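Asks: Below you'll find data.txt; it's compact mmCIF, C-alpha atoms.
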# COMPACT_ATOMS: atom_id res chain seq x y z
CA MET A 1 -25.97 29.46 -39.47
CA ASP A 2 -23.10 30.48 -41.61
CA ILE A 3 -19.90 28.57 -42.05
CA ASN A 4 -16.82 30.73 -42.24
CA ALA A 5 -13.13 30.73 -41.45
CA THR A 6 -13.92 30.00 -37.79
CA LEU A 7 -14.33 26.36 -38.85
CA VAL A 8 -10.68 26.11 -39.83
CA GLY A 9 -9.64 27.97 -36.70
CA GLN A 10 -11.56 25.55 -34.56
CA MET A 11 -10.08 22.56 -36.36
CA ILE A 12 -6.60 23.85 -35.65
CA THR A 13 -7.54 24.63 -32.04
CA PHE A 14 -9.01 21.19 -31.62
CA ALA A 15 -5.92 19.52 -33.05
CA LEU A 16 -3.65 21.53 -30.75
CA PHE A 17 -5.73 20.72 -27.70
CA VAL A 18 -5.81 17.03 -28.49
CA TRP A 19 -2.07 17.08 -29.10
CA PHE A 20 -1.53 18.77 -25.76
CA THR A 21 -3.64 16.21 -23.91
CA MET A 22 -1.93 13.38 -25.72
CA LYS A 23 1.52 14.71 -24.95
CA PHE A 24 1.30 16.29 -21.53
CA VAL A 25 -1.79 15.07 -19.72
CA TRP A 26 -2.78 11.54 -20.63
CA PRO A 27 0.58 9.73 -20.33
CA VAL A 28 1.30 11.33 -16.95
CA LEU A 29 -2.05 10.28 -15.55
CA GLU A 30 -1.67 6.85 -17.09
CA LYS A 31 1.69 6.37 -15.44
CA ILE A 32 0.46 7.57 -12.05
CA LEU A 33 -2.52 5.24 -12.12
CA LYS A 34 -0.49 2.29 -13.30
CA ASP A 35 2.13 2.89 -10.64
CA ARG A 36 -0.56 3.14 -8.02
CA GLN A 37 -2.19 -0.04 -9.26
CA GLN A 38 1.12 -1.81 -9.05
CA LYS A 39 1.80 -0.37 -5.64
CA ILE A 40 -1.57 -1.47 -4.35
CA SER A 41 -1.22 -4.97 -5.74
CA GLU A 42 2.28 -5.18 -4.31
CA GLY A 43 1.00 -3.96 -0.99
CA LEU A 44 -1.76 -6.51 -1.00
CA ALA A 45 0.67 -9.26 -1.90
CA ALA A 46 2.99 -8.13 0.88
CA ALA A 47 0.13 -8.12 3.33
CA GLU A 48 -0.82 -11.60 2.25
CA ARG A 49 2.76 -12.72 2.62
CA GLY A 50 2.99 -11.12 6.03
CA HIS A 51 -0.16 -12.87 7.06
CA LYS A 52 1.18 -16.22 6.00
CA GLU A 53 4.51 -15.58 7.66
CA LEU A 54 2.77 -14.63 10.84
CA GLU A 55 0.78 -17.84 10.71
CA ILE A 56 3.92 -19.89 10.21
CA ALA A 57 5.68 -18.01 12.99
CA GLN A 58 2.76 -18.64 15.30
CA LYS A 59 2.85 -22.32 14.49
CA TYR A 60 6.58 -22.34 15.15
CA ALA A 61 6.13 -20.51 18.40
CA ILE A 62 3.48 -22.92 19.61
CA GLN A 63 5.60 -25.86 18.59
CA HIS A 64 8.60 -24.40 20.37
CA ILE A 65 6.60 -23.77 23.50
CA HIS A 66 5.36 -27.34 23.46
CA GLU A 67 8.85 -28.65 22.96
CA ALA A 68 10.23 -26.46 25.71
CA ARG A 69 7.49 -27.55 28.04
CA SER A 70 8.12 -31.24 27.42
CA LYS A 71 11.86 -30.64 27.74
CA ALA A 72 11.33 -28.90 31.05
CA VAL A 73 9.18 -31.75 32.27
CA ASP A 74 11.84 -34.20 31.16
CA ALA A 75 14.54 -32.20 32.87
CA ILE A 76 12.61 -32.06 36.10
CA GLU A 77 11.99 -35.78 35.93
CA GLN A 78 15.62 -36.45 35.28
CA ALA A 79 16.70 -34.13 38.07
CA LYS A 80 14.40 -35.92 40.44
CA LYS A 81 15.85 -39.24 39.39
CA GLN A 82 19.32 -37.87 39.73
CA ALA A 83 18.57 -36.54 43.18
CA ALA A 84 17.13 -39.85 44.29
CA PHE A 85 20.16 -41.65 42.89
CA ILE A 86 22.55 -39.29 44.65
CA ILE A 87 20.73 -39.71 47.93
CA GLU A 88 20.79 -43.46 47.51
CA GLN A 89 24.45 -43.37 46.68
CA ALA A 90 25.17 -41.18 49.67
CA LYS A 91 23.33 -43.58 51.91
CA ILE A 92 25.37 -46.48 50.65
CA GLU A 93 28.53 -44.49 51.05
CA ALA A 94 27.61 -43.48 54.56
CA LEU A 95 26.91 -47.06 55.52
CA LYS A 96 30.25 -48.13 54.18
CA GLU A 97 31.93 -45.31 56.06
CA ARG A 98 30.20 -46.32 59.23
CA GLU A 99 31.26 -49.89 58.87
CA GLN A 100 34.79 -48.85 58.24
CA ILE A 101 34.81 -46.55 61.25
CA VAL A 102 33.30 -49.26 63.41
CA SER A 103 35.76 -51.89 62.27
CA LEU A 104 38.60 -49.44 62.76
CA GLY A 105 37.37 -48.90 66.31
CA HIS A 106 37.26 -52.61 66.89
CA GLU A 107 40.76 -52.98 65.63
CA GLU A 108 41.97 -50.18 67.84
CA ILE A 109 40.32 -51.75 70.84
CA LYS A 110 41.93 -55.07 70.05
CA GLN A 111 45.29 -53.38 69.69
CA GLU A 112 44.98 -51.60 72.97
CA ARG A 113 43.88 -54.77 74.65
CA ARG A 114 46.87 -56.56 73.32
CA VAL A 115 49.22 -53.83 74.52
CA ALA A 116 47.59 -53.82 77.92
CA LYS A 117 47.94 -57.59 78.10
CA GLU A 118 51.57 -57.43 77.22
CA GLN A 119 52.13 -54.78 79.81
CA LEU A 120 50.33 -56.86 82.35
CA GLN A 121 52.39 -59.88 81.41
CA ASN A 122 55.58 -57.91 81.77
CA GLU A 123 54.45 -56.58 85.06
CA VAL A 124 53.48 -60.04 86.24
CA VAL A 125 56.89 -61.27 85.17
CA ASN A 126 58.60 -58.42 86.93
CA ILE A 127 56.52 -58.95 90.04
CA ALA A 128 57.32 -62.66 89.84
CA ILE A 129 61.00 -61.93 89.44
CA ALA A 130 60.91 -59.43 92.23
CA SER A 131 59.12 -61.78 94.55
CA ALA A 132 61.50 -64.57 93.56
CA GLU A 133 64.43 -62.28 94.32
CA LYS A 134 62.99 -61.50 97.64
CA LEU A 135 62.54 -65.18 98.28
CA LEU A 136 66.02 -66.00 97.09
CA GLY A 137 67.58 -63.04 98.66
CA ARG A 138 69.60 -62.08 95.68
CA VAL A 139 69.42 -60.58 92.28
CA ILE A 140 68.54 -62.90 89.55
CA THR A 141 70.94 -62.42 86.66
CA GLU A 142 70.93 -63.33 83.04
CA ALA A 143 72.90 -66.43 83.79
CA ASP A 144 70.36 -67.50 86.36
CA HIS A 145 67.72 -67.11 83.76
CA LYS A 146 69.45 -69.28 81.35
CA ALA A 147 70.17 -71.91 83.96
CA PHE A 148 66.66 -71.75 85.05
CA LEU A 149 65.26 -72.15 81.60
CA ASN A 150 67.69 -74.92 80.76
CA ALA A 151 66.62 -76.80 83.89
CA GLU A 152 63.32 -77.34 82.29
CA THR A 153 61.24 -75.75 84.91
CA LYS A 154 57.56 -76.23 84.82
CA PHE A 155 57.13 -72.55 85.25
CA ARG A 156 55.31 -71.15 82.30
CA ALA A 157 53.34 -68.11 81.62
CA PRO A 158 49.72 -68.91 81.27
CA GLU A 159 48.49 -69.17 77.71
CA GLU A 160 46.22 -66.60 76.48
CA MET B 1 -27.23 47.14 -34.30
CA SER B 2 -25.91 49.50 -31.67
CA ASN B 3 -23.47 48.78 -28.91
CA ASN B 4 -26.13 49.24 -26.28
CA LEU B 5 -28.13 46.13 -25.70
CA PRO B 6 -31.85 46.69 -26.09
CA GLU B 7 -34.02 46.20 -23.07
CA PRO B 8 -35.67 42.78 -23.39
CA PRO B 9 -39.31 43.71 -22.78
CA LEU B 10 -39.15 46.60 -25.19
CA ASP B 11 -38.13 44.76 -28.31
CA ALA B 12 -38.24 40.97 -28.11
CA ALA B 13 -37.30 40.31 -31.71
CA SER B 14 -34.20 42.44 -31.68
CA TYR B 15 -33.19 41.03 -28.29
CA ILE B 16 -33.35 37.50 -29.64
CA HIS B 17 -31.66 38.48 -32.85
CA HIS B 18 -28.94 40.29 -30.96
CA HIS B 19 -28.17 37.17 -28.97
CA LEU B 20 -27.89 35.04 -32.05
CA GLU B 21 -25.39 37.22 -33.88
CA HIS B 22 -21.68 36.56 -33.72
CA TRP B 23 -18.98 39.01 -32.86
CA GLU B 24 -17.24 38.89 -36.22
CA TRP B 25 -13.81 39.82 -37.38
CA LYS B 26 -13.52 40.12 -41.15
CA THR B 27 -10.09 39.50 -42.60
CA HIS B 28 -8.81 38.73 -46.09
CA LEU B 29 -8.63 35.07 -44.98
CA GLY B 30 -12.32 35.07 -44.18
CA THR B 31 -14.61 35.92 -41.32
CA PHE B 32 -13.78 34.77 -37.83
CA ASN B 33 -16.33 34.48 -35.05
CA LEU B 34 -14.27 36.01 -32.29
CA ASP B 35 -16.73 35.07 -29.55
CA THR B 36 -16.63 31.38 -30.41
CA LEU B 37 -12.88 31.35 -30.78
CA LEU B 38 -12.16 33.32 -27.60
CA VAL B 39 -14.54 31.46 -25.32
CA SER B 40 -13.45 28.07 -26.62
CA TRP B 41 -9.80 29.00 -26.27
CA VAL B 42 -10.13 30.38 -22.78
CA ILE B 43 -12.11 27.33 -21.67
CA GLY B 44 -9.89 24.83 -23.47
CA ILE B 45 -6.61 26.35 -22.33
CA THR B 46 -7.85 26.65 -18.74
CA PHE B 47 -8.98 23.05 -18.76
CA LEU B 48 -5.73 21.81 -20.27
CA LEU B 49 -3.53 23.83 -17.93
CA ILE B 50 -5.46 22.65 -14.90
CA PHE B 51 -5.19 19.05 -16.06
CA ARG B 52 -1.51 19.48 -16.82
CA TRP B 53 -0.96 21.06 -13.42
CA VAL B 54 -2.78 18.24 -11.69
CA ALA B 55 -0.94 15.59 -13.70
CA LYS B 56 2.41 17.14 -12.89
CA ARG B 57 1.70 17.41 -9.20
CA ALA B 58 -0.09 14.08 -9.01
CA THR B 59 1.06 11.73 -6.29
CA ILE B 60 0.56 8.02 -5.95
CA GLU B 61 -0.03 7.95 -2.24
CA THR B 62 -2.00 11.05 -1.41
CA PRO B 63 -4.18 12.25 -4.24
CA GLY B 64 -5.90 15.52 -3.46
CA LEU B 65 -9.47 16.41 -4.26
CA LEU B 66 -8.67 17.81 -7.68
CA GLN B 67 -6.42 14.89 -8.55
CA ASN B 68 -9.17 12.49 -7.59
CA PHE B 69 -11.57 14.33 -9.84
CA VAL B 70 -9.17 14.29 -12.77
CA GLU B 71 -8.46 10.61 -12.19
CA LEU B 72 -12.18 9.95 -12.10
CA LEU B 73 -12.54 11.55 -15.52
CA TYR B 74 -9.47 9.71 -16.78
CA GLU B 75 -10.82 6.35 -15.68
CA PHE B 76 -14.28 7.09 -16.99
CA VAL B 77 -12.92 7.94 -20.44
CA GLN B 78 -10.45 5.09 -20.42
CA LYS B 79 -13.19 2.61 -19.57
CA GLN B 80 -15.32 3.83 -22.48
CA VAL B 81 -12.40 3.63 -24.87
CA LYS B 82 -11.35 0.21 -23.67
CA GLU B 83 -14.82 -1.22 -24.03
CA THR B 84 -15.39 0.16 -27.51
CA PHE B 85 -12.07 0.52 -29.22
CA HIS B 86 -10.22 -2.76 -29.53
CA GLY B 87 -7.17 -1.70 -31.47
CA ARG B 88 -4.10 -0.10 -30.01
CA SER B 89 -3.87 3.61 -30.33
CA ARG B 90 -2.20 6.29 -28.29
CA LEU B 91 -4.46 8.91 -29.80
CA ILE B 92 -8.00 7.73 -29.17
CA ALA B 93 -8.09 7.98 -25.39
CA PRO B 94 -6.57 11.47 -25.08
CA LEU B 95 -8.79 12.54 -27.96
CA ALA B 96 -11.85 11.25 -26.15
CA LEU B 97 -10.84 12.95 -22.90
CA THR B 98 -10.26 16.26 -24.66
CA ILE B 99 -13.59 16.04 -26.45
CA PHE B 100 -15.56 15.13 -23.36
CA VAL B 101 -14.17 17.75 -21.02
CA TRP B 102 -13.86 20.53 -23.56
CA VAL B 103 -17.30 20.06 -25.03
CA PHE B 104 -18.84 19.74 -21.58
CA LEU B 105 -17.24 22.96 -20.40
CA MET B 106 -18.25 24.82 -23.56
CA ASN B 107 -21.77 23.53 -23.14
CA PHE B 108 -21.65 24.67 -19.56
CA VAL B 109 -21.47 28.29 -20.67
CA ASP B 110 -25.07 27.68 -21.68
CA LEU B 111 -25.99 27.56 -18.00
CA LEU B 112 -24.63 31.01 -17.29
CA PRO B 113 -27.36 33.65 -17.39
CA VAL B 114 -27.81 34.60 -21.05
CA ASP B 115 -26.83 38.22 -20.65
CA ILE B 116 -23.73 37.98 -18.46
CA LEU B 117 -21.08 37.32 -21.06
CA PRO B 118 -22.66 39.44 -23.85
CA LYS B 119 -23.01 42.45 -21.52
CA THR B 120 -19.45 42.03 -20.22
CA ALA B 121 -18.16 41.72 -23.75
CA GLY B 122 -20.29 44.72 -24.71
CA LEU B 123 -18.56 46.79 -22.06
CA LEU B 124 -15.26 45.73 -23.56
CA GLY B 125 -16.39 46.86 -26.99
CA ALA B 126 -17.84 43.78 -28.67
CA SER B 127 -20.86 44.61 -30.78
CA HIS B 128 -22.35 41.13 -30.41
CA PHE B 129 -21.43 38.16 -28.33
CA LYS B 130 -22.78 34.67 -28.73
CA ALA B 131 -21.33 33.17 -25.64
CA VAL B 132 -21.83 29.41 -26.03
CA PRO B 133 -19.19 28.11 -28.45
CA THR B 134 -21.06 24.88 -29.11
CA THR B 135 -24.01 26.84 -30.51
CA ASP B 136 -21.72 27.80 -33.36
CA PRO B 137 -21.77 25.20 -36.14
CA ASN B 138 -18.28 26.33 -37.07
CA LEU B 139 -17.00 24.82 -33.89
CA THR B 140 -19.08 21.65 -33.83
CA LEU B 141 -18.50 20.93 -37.49
CA GLY B 142 -14.85 21.82 -37.12
CA MET B 143 -14.53 19.15 -34.47
CA SER B 144 -16.59 16.59 -36.35
CA LEU B 145 -14.64 17.23 -39.56
CA SER B 146 -11.43 16.65 -37.64
CA VAL B 147 -12.92 13.38 -36.48
CA PHE B 148 -13.87 12.63 -40.07
CA PHE B 149 -10.28 13.10 -41.20
CA LEU B 150 -9.16 10.85 -38.41
CA ILE B 151 -11.65 8.24 -39.63
CA LEU B 152 -10.13 8.46 -43.11
CA PHE B 153 -6.63 8.29 -41.68
CA TYR B 154 -7.39 5.24 -39.58
CA SER B 155 -9.27 3.48 -42.39
CA ILE B 156 -6.40 3.94 -44.79
CA SER B 157 -3.57 3.27 -42.37
CA ILE B 158 -5.12 0.05 -41.10
CA LYS B 159 -6.78 -1.34 -44.21
CA GLY B 160 -4.43 0.21 -46.74
CA VAL B 161 -5.54 2.30 -49.70
CA GLY B 162 -6.66 -0.79 -51.60
CA GLY B 163 -8.58 -2.17 -48.67
CA PHE B 164 -10.26 1.13 -48.06
CA LEU B 165 -11.25 1.51 -51.74
CA LYS B 166 -12.51 -2.04 -51.71
CA GLU B 167 -14.63 -1.31 -48.69
CA LEU B 168 -15.99 1.80 -50.39
CA THR B 169 -16.94 0.00 -53.59
CA CYS B 170 -17.63 -3.64 -52.82
CA LYS B 171 -20.04 -3.42 -49.93
CA PRO B 172 -22.81 -4.09 -49.31
CA PHE B 173 -23.85 -5.39 -52.77
CA GLY B 174 -20.69 -6.85 -54.24
CA GLY B 175 -18.33 -5.59 -56.92
CA TYR B 176 -20.78 -5.42 -59.84
CA LEU B 177 -22.89 -2.74 -58.23
CA PHE B 178 -19.89 -0.65 -57.22
CA VAL B 179 -21.57 2.63 -58.23
CA VAL B 180 -24.44 1.99 -55.86
CA ASN B 181 -22.06 0.80 -53.17
CA LEU B 182 -19.89 3.86 -53.51
CA ALA B 183 -22.88 6.19 -53.38
CA LEU B 184 -24.25 4.46 -50.27
CA LYS B 185 -20.88 4.37 -48.62
CA LEU B 186 -20.17 8.01 -49.36
CA ILE B 187 -23.48 9.04 -47.90
CA GLU B 188 -22.83 6.86 -44.88
CA GLU B 189 -19.37 8.26 -44.30
CA LEU B 190 -20.32 11.87 -44.93
CA ALA B 191 -23.34 11.56 -42.69
CA LYS B 192 -21.06 10.75 -39.78
CA PRO B 193 -19.34 14.10 -39.37
CA LEU B 194 -22.43 15.99 -40.41
CA SER B 195 -24.70 14.32 -37.88
CA LEU B 196 -22.01 14.43 -35.22
CA GLY B 197 -21.52 18.17 -35.56
CA LEU B 198 -25.13 19.11 -36.16
CA ARG B 199 -26.42 17.07 -33.24
CA LEU B 200 -24.31 18.98 -30.77
CA PHE B 201 -25.00 22.29 -32.47
CA GLY B 202 -28.74 21.66 -32.65
CA ASN B 203 -29.13 20.65 -29.04
CA LEU B 204 -27.15 23.52 -27.65
CA TYR B 205 -28.56 26.09 -30.05
CA ALA B 206 -32.10 25.09 -29.14
CA GLY B 207 -31.25 25.08 -25.45
CA GLU B 208 -29.71 28.52 -25.64
CA LEU B 209 -32.63 29.82 -27.67
CA ILE B 210 -35.04 28.63 -25.02
CA PHE B 211 -32.97 30.35 -22.36
CA ILE B 212 -33.18 33.54 -24.41
CA LEU B 213 -36.94 33.15 -24.76
CA ILE B 214 -37.30 32.51 -21.04
CA ALA B 215 -35.23 35.61 -20.34
CA LEU B 216 -37.92 37.60 -22.16
CA LEU B 217 -40.64 36.62 -19.71
CA GLY B 218 -39.90 39.17 -17.05
CA TYR B 219 -40.48 37.86 -13.54
CA TRP B 220 -41.80 34.56 -14.86
CA GLN B 221 -38.34 33.68 -16.07
CA TRP B 222 -37.39 32.45 -12.60
CA PHE B 223 -40.07 29.77 -12.63
CA LEU B 224 -39.08 28.50 -16.04
CA GLY B 225 -35.38 29.25 -16.07
CA VAL B 226 -34.51 27.11 -13.08
CA PRO B 227 -36.19 23.87 -14.24
CA TRP B 228 -34.83 24.33 -17.73
CA ALA B 229 -31.34 24.92 -16.34
CA ILE B 230 -31.55 21.83 -14.17
CA PHE B 231 -32.77 19.81 -17.12
CA HIS B 232 -30.02 21.32 -19.20
CA ILE B 233 -27.33 20.06 -16.83
CA LEU B 234 -28.36 16.65 -18.05
CA VAL B 235 -28.48 17.70 -21.70
CA ILE B 236 -25.02 19.26 -21.81
CA THR B 237 -23.45 16.25 -20.11
CA ILE B 238 -25.20 13.82 -22.41
CA GLN B 239 -24.26 15.80 -25.50
CA ALA B 240 -20.61 15.89 -24.46
CA PHE B 241 -20.74 12.16 -23.73
CA ILE B 242 -22.45 11.37 -27.07
CA PHE B 243 -19.88 13.36 -29.02
CA MET B 244 -17.09 11.49 -27.28
CA MET B 245 -18.72 8.06 -27.59
CA LEU B 246 -19.56 8.46 -31.28
CA THR B 247 -16.02 9.57 -32.00
CA ILE B 248 -14.69 6.44 -30.33
CA VAL B 249 -17.23 4.26 -32.13
CA TYR B 250 -16.52 5.77 -35.55
CA LEU B 251 -12.80 5.40 -35.09
CA SER B 252 -13.10 1.85 -33.88
CA LEU B 253 -15.28 1.03 -36.91
CA ALA B 254 -12.71 2.64 -39.14
CA SER B 255 -9.85 0.65 -37.66
CA GLU B 256 -11.63 -2.69 -37.70
CA ASP B 257 -10.51 -4.98 -40.48
CA HIS B 258 -13.37 -7.06 -41.79
Let me see the file written as structure tokens.

Replies:
Amino acid sequence: MDINATLVGQMITFALFVWFTMKFVWPVLEKILKDRQQKISEGLAAAERGHKELEIAQKYAIQHIHEARSKAVDAIEQAKKQAAFIIEQAKIEALKEREQIVSLGHEEIKQERRVAKEQLQNEVVNIAIASAEKLLGRVITEADHKAFLNAETKFRAPEE
Amino acid sequence: MSNNLPEPPLDAASYIHHHLEHWEWKTHLGTFNLDTLLVSWVIGITFLLIFRWVAKRATIETPGLLQNFVELLYEFVQKQVKETFHGRSRLIAPLALTIFVWVFLMNFVDLLPVDILPKTAGLLGASHFKAVPTTDPNLTLGMSLSVFFLILFYSISIKGVGGFLKELTCKPFGGYLFVVNLALKLIEELAKPLSLGLRLFGNLYAGELIFILIALLGYWQWFLGVPWAIFHILVITIQAFIFMMLTIVYLSLASEDH
């Protein structure tokens, strides 16, 4: 083995190669790997976060469903109550209406009866007057009436 | 030696010798082993450009096969550095990555059949071609010396000149025996780059030599070459890993303030 100028040449070569790696290879790789590391850890964190959020959302959803269900049940209950109340109310109303109609009918009947009675009375009076005229053979006038009434006749229309 | 490679069975000694000679280029600055330089450059530049290409095109969401592989290497090296080196340094980790991949790839040339690159280079006019760069002590010691200078740089920049001198002279026996301390410390420090470089060189040189010897066995080489190659996959990986690990360890020792 003989040492010669190659030694110096190799030292220079070595230095240049190391410089090249240091300048152009190592930092680039370092950056790439660090970035990837960060990206992966960020991704994992995001996944974790997503997982948690999903869990919370699921809890919310279940809670909401429960609430909605109980609300629906309440609403149905209330509607039923309302319906029953309305029916009840309607019944009461109808009864009132009926009573009113019935009493109105009664009233009308009474009215008509009264009218009929009056008519009958008038007719009776007329018939009486007519028959009296026939008996007397003349027309009974207003003056006759008055004289008749003033004479305190026992003739009276029958009381109702 | 001639340009034509000798036939292995005819002359074993010259075949071996031929494979252990460098393709040299003599200049007034000194002699350069062109084979070592060229192979290490081609490998290193290819590796760096591929890594740069991958890093530039890298995506966070959809890493491709190559990106995954590069990231695997990155994380492997980063883990080693993080576990061993406790200071903060922008240099250590890229340094470790460069060492590991580059040394591994240079070692890997060892697994190519011993004659492929030398014959190809011979066709292109190279008289000799020692293909595996890490079997050249110039390369391994060049790297380990660079590491040694980094050790000095870190020691001084973190402990200060005074602190570093104090560490050299006052340990392990206290200030009165500073001559002994200094001698021990110098040996200790100088042994680091020497052992670092020679370990890699020795392992790969021996491995390559055994491949050359196996190549001399004619048809028997298949029965020996394959197990040795499989075993060698382990060796070259471990050697690249050791070089990287020791560099990290030495630098972390240097930057630790006692």

Asks: Under the rule that all atoms listed in the file are counted, which of B:Leu141, B:Ala131, B:Ile158, B:Val42 is the nearest residue to chain A?

Replies: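 Among B:Leu141, B:Ala131, B:Ile158, B:Val42, it is B:Leu141 that comes nearest to chain A.
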
Asks: Show me, as a list of chain:residue names, the residues that have an atom within 8 Å of range 166-169 of chain B when counting all atoms listed in the file, minus same-chain residues fewer than 3 positions from it.

Replies: B:Gly162, B:Gly163, B:Gly174, B:Gly175, B:Phe178, B:Val179, B:Asn181, B:Leu182, B:Lys185, B:Leu186

Asks: Mind writing the picked residues with C-alpha atoms as a PDB file, keeping the file's coordinate frame?

Replies:
ATOM      1  CA  GLY B 162      -6.660  -0.790 -51.600  1.00  0.00           C
ATOM      2  CA  GLY B 163      -8.580  -2.170 -48.670  1.00  0.00           C
ATOM      3  CA  GLY B 174     -20.690  -6.850 -54.240  1.00  0.00           C
ATOM      4  CA  GLY B 175     -18.330  -5.590 -56.920  1.00  0.00           C
ATOM      5  CA  PHE B 178     -19.890  -0.650 -57.220  1.00  0.00           C
ATOM      6  CA  VAL B 179     -21.570   2.630 -58.230  1.00  0.00           C
ATOM      7  CA  ASN B 181     -22.060   0.800 -53.170  1.00  0.00           C
ATOM      8  CA  LEU B 182     -19.890   3.860 -53.510  1.00  0.00           C
ATOM      9  CA  LYS B 185     -20.880   4.370 -48.620  1.00  0.00           C
ATOM     10  CA  LEU B 186     -20.170   8.010 -49.360  1.00  0.00           C
TER      11      LEU B 186
END

Asks: Which residue is closest to chain A? Choose from B:Ala12, B:Thr98, B:His17, B:Trp23 and count only C-alpha atoms.

Replies: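 Looking at the shortest contact to chain A, the residue is B:Thr98.
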
Asks: Would you mind listing, for every residue of chain A within 6 Å of chain B, the two atoms forming the shortest contact and the distance between them in Å to one decimal, using all atoms listed in the file, sorted by chain and ascending residue number, as CSV?

Replies:
residue,atom,partner,partner_atom,distance
A:Ile3,CA,B:Asn138,CA,5.7
A:Asn4,CA,B:Thr31,CA,5.7
A:Ala5,CA,B:Gly30,CA,5.2
A:Thr6,CA,B:Phe32,CA,4.8
A:Leu7,CA,B:Asn138,CA,4.3
A:Gln10,CA,B:Leu139,CA,5.5
A:Met11,CA,B:Gly142,CA,4.9
A:Val18,CA,B:Leu95,CA,5.4
A:Thr21,CA,B:Pro94,CA,5.7
A:Met22,CA,B:Pro94,CA,5.1
A:Val25,CA,B:Arg52,CA,5.3
A:Trp26,CA,B:Pro94,CA,5.8
A:Val28,CA,B:Ala55,CA,5.8
A:Leu29,CA,B:Ala55,CA,5.7
A:Arg36,CA,B:Ile60,CA,5.4

Asks: Give me, as a PyMOL selection string, all polymer residues having an atom no more than 10 Å from Ile156 in chain B, counting all atoms listed in the file and skipping those fewer than 5 positions away in the same chain.

Replies: chain B and resi 150-151+161-165+254-255

Asks: Measure the distance from CA of Val115 in chain A to CA of Glu97 in chain A in Å and round it to one decimal.

Replies: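 Interatomic distance, CA of Val115 in chain A to CA of Glu97 in chain A: 26.7 Å.
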
Asks: Would you mind reading off the distance between CA of Ile212 in chain B and CA of Pro113 in chain B, one decimal, in Å?

Replies: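 Going from CA of Ile212 in chain B over to CA of Pro113 in chain B, I get 9.1 Å.
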
Asks: Report the distance between CA of Lys82 in chain B and CA of Leu251 in chain B in Å, rounded to one decimal place.

Replies: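 Computing the Euclidean distance for CA of Lys82 in chain B and CA of Leu251 in chain B yields 12.6 Å.
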
Asks: Which neighbours of Ala229 in chain B fall inside 10 Å, counting only C-alpha atoms, when residues of the same chain fewer than 2 positions from it are skipped, and could you give them as a list of chain:residue names?

Replies: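 Within the cut-off, the hits are B:Asp110, B:Leu111, B:Leu112, B:Pro113, B:Gly207, B:Phe211, B:Leu224, B:Gly225, B:Val226, B:Pro227, B:Phe231, B:His232, B:Ile233, B:Leu234, B:Val235.
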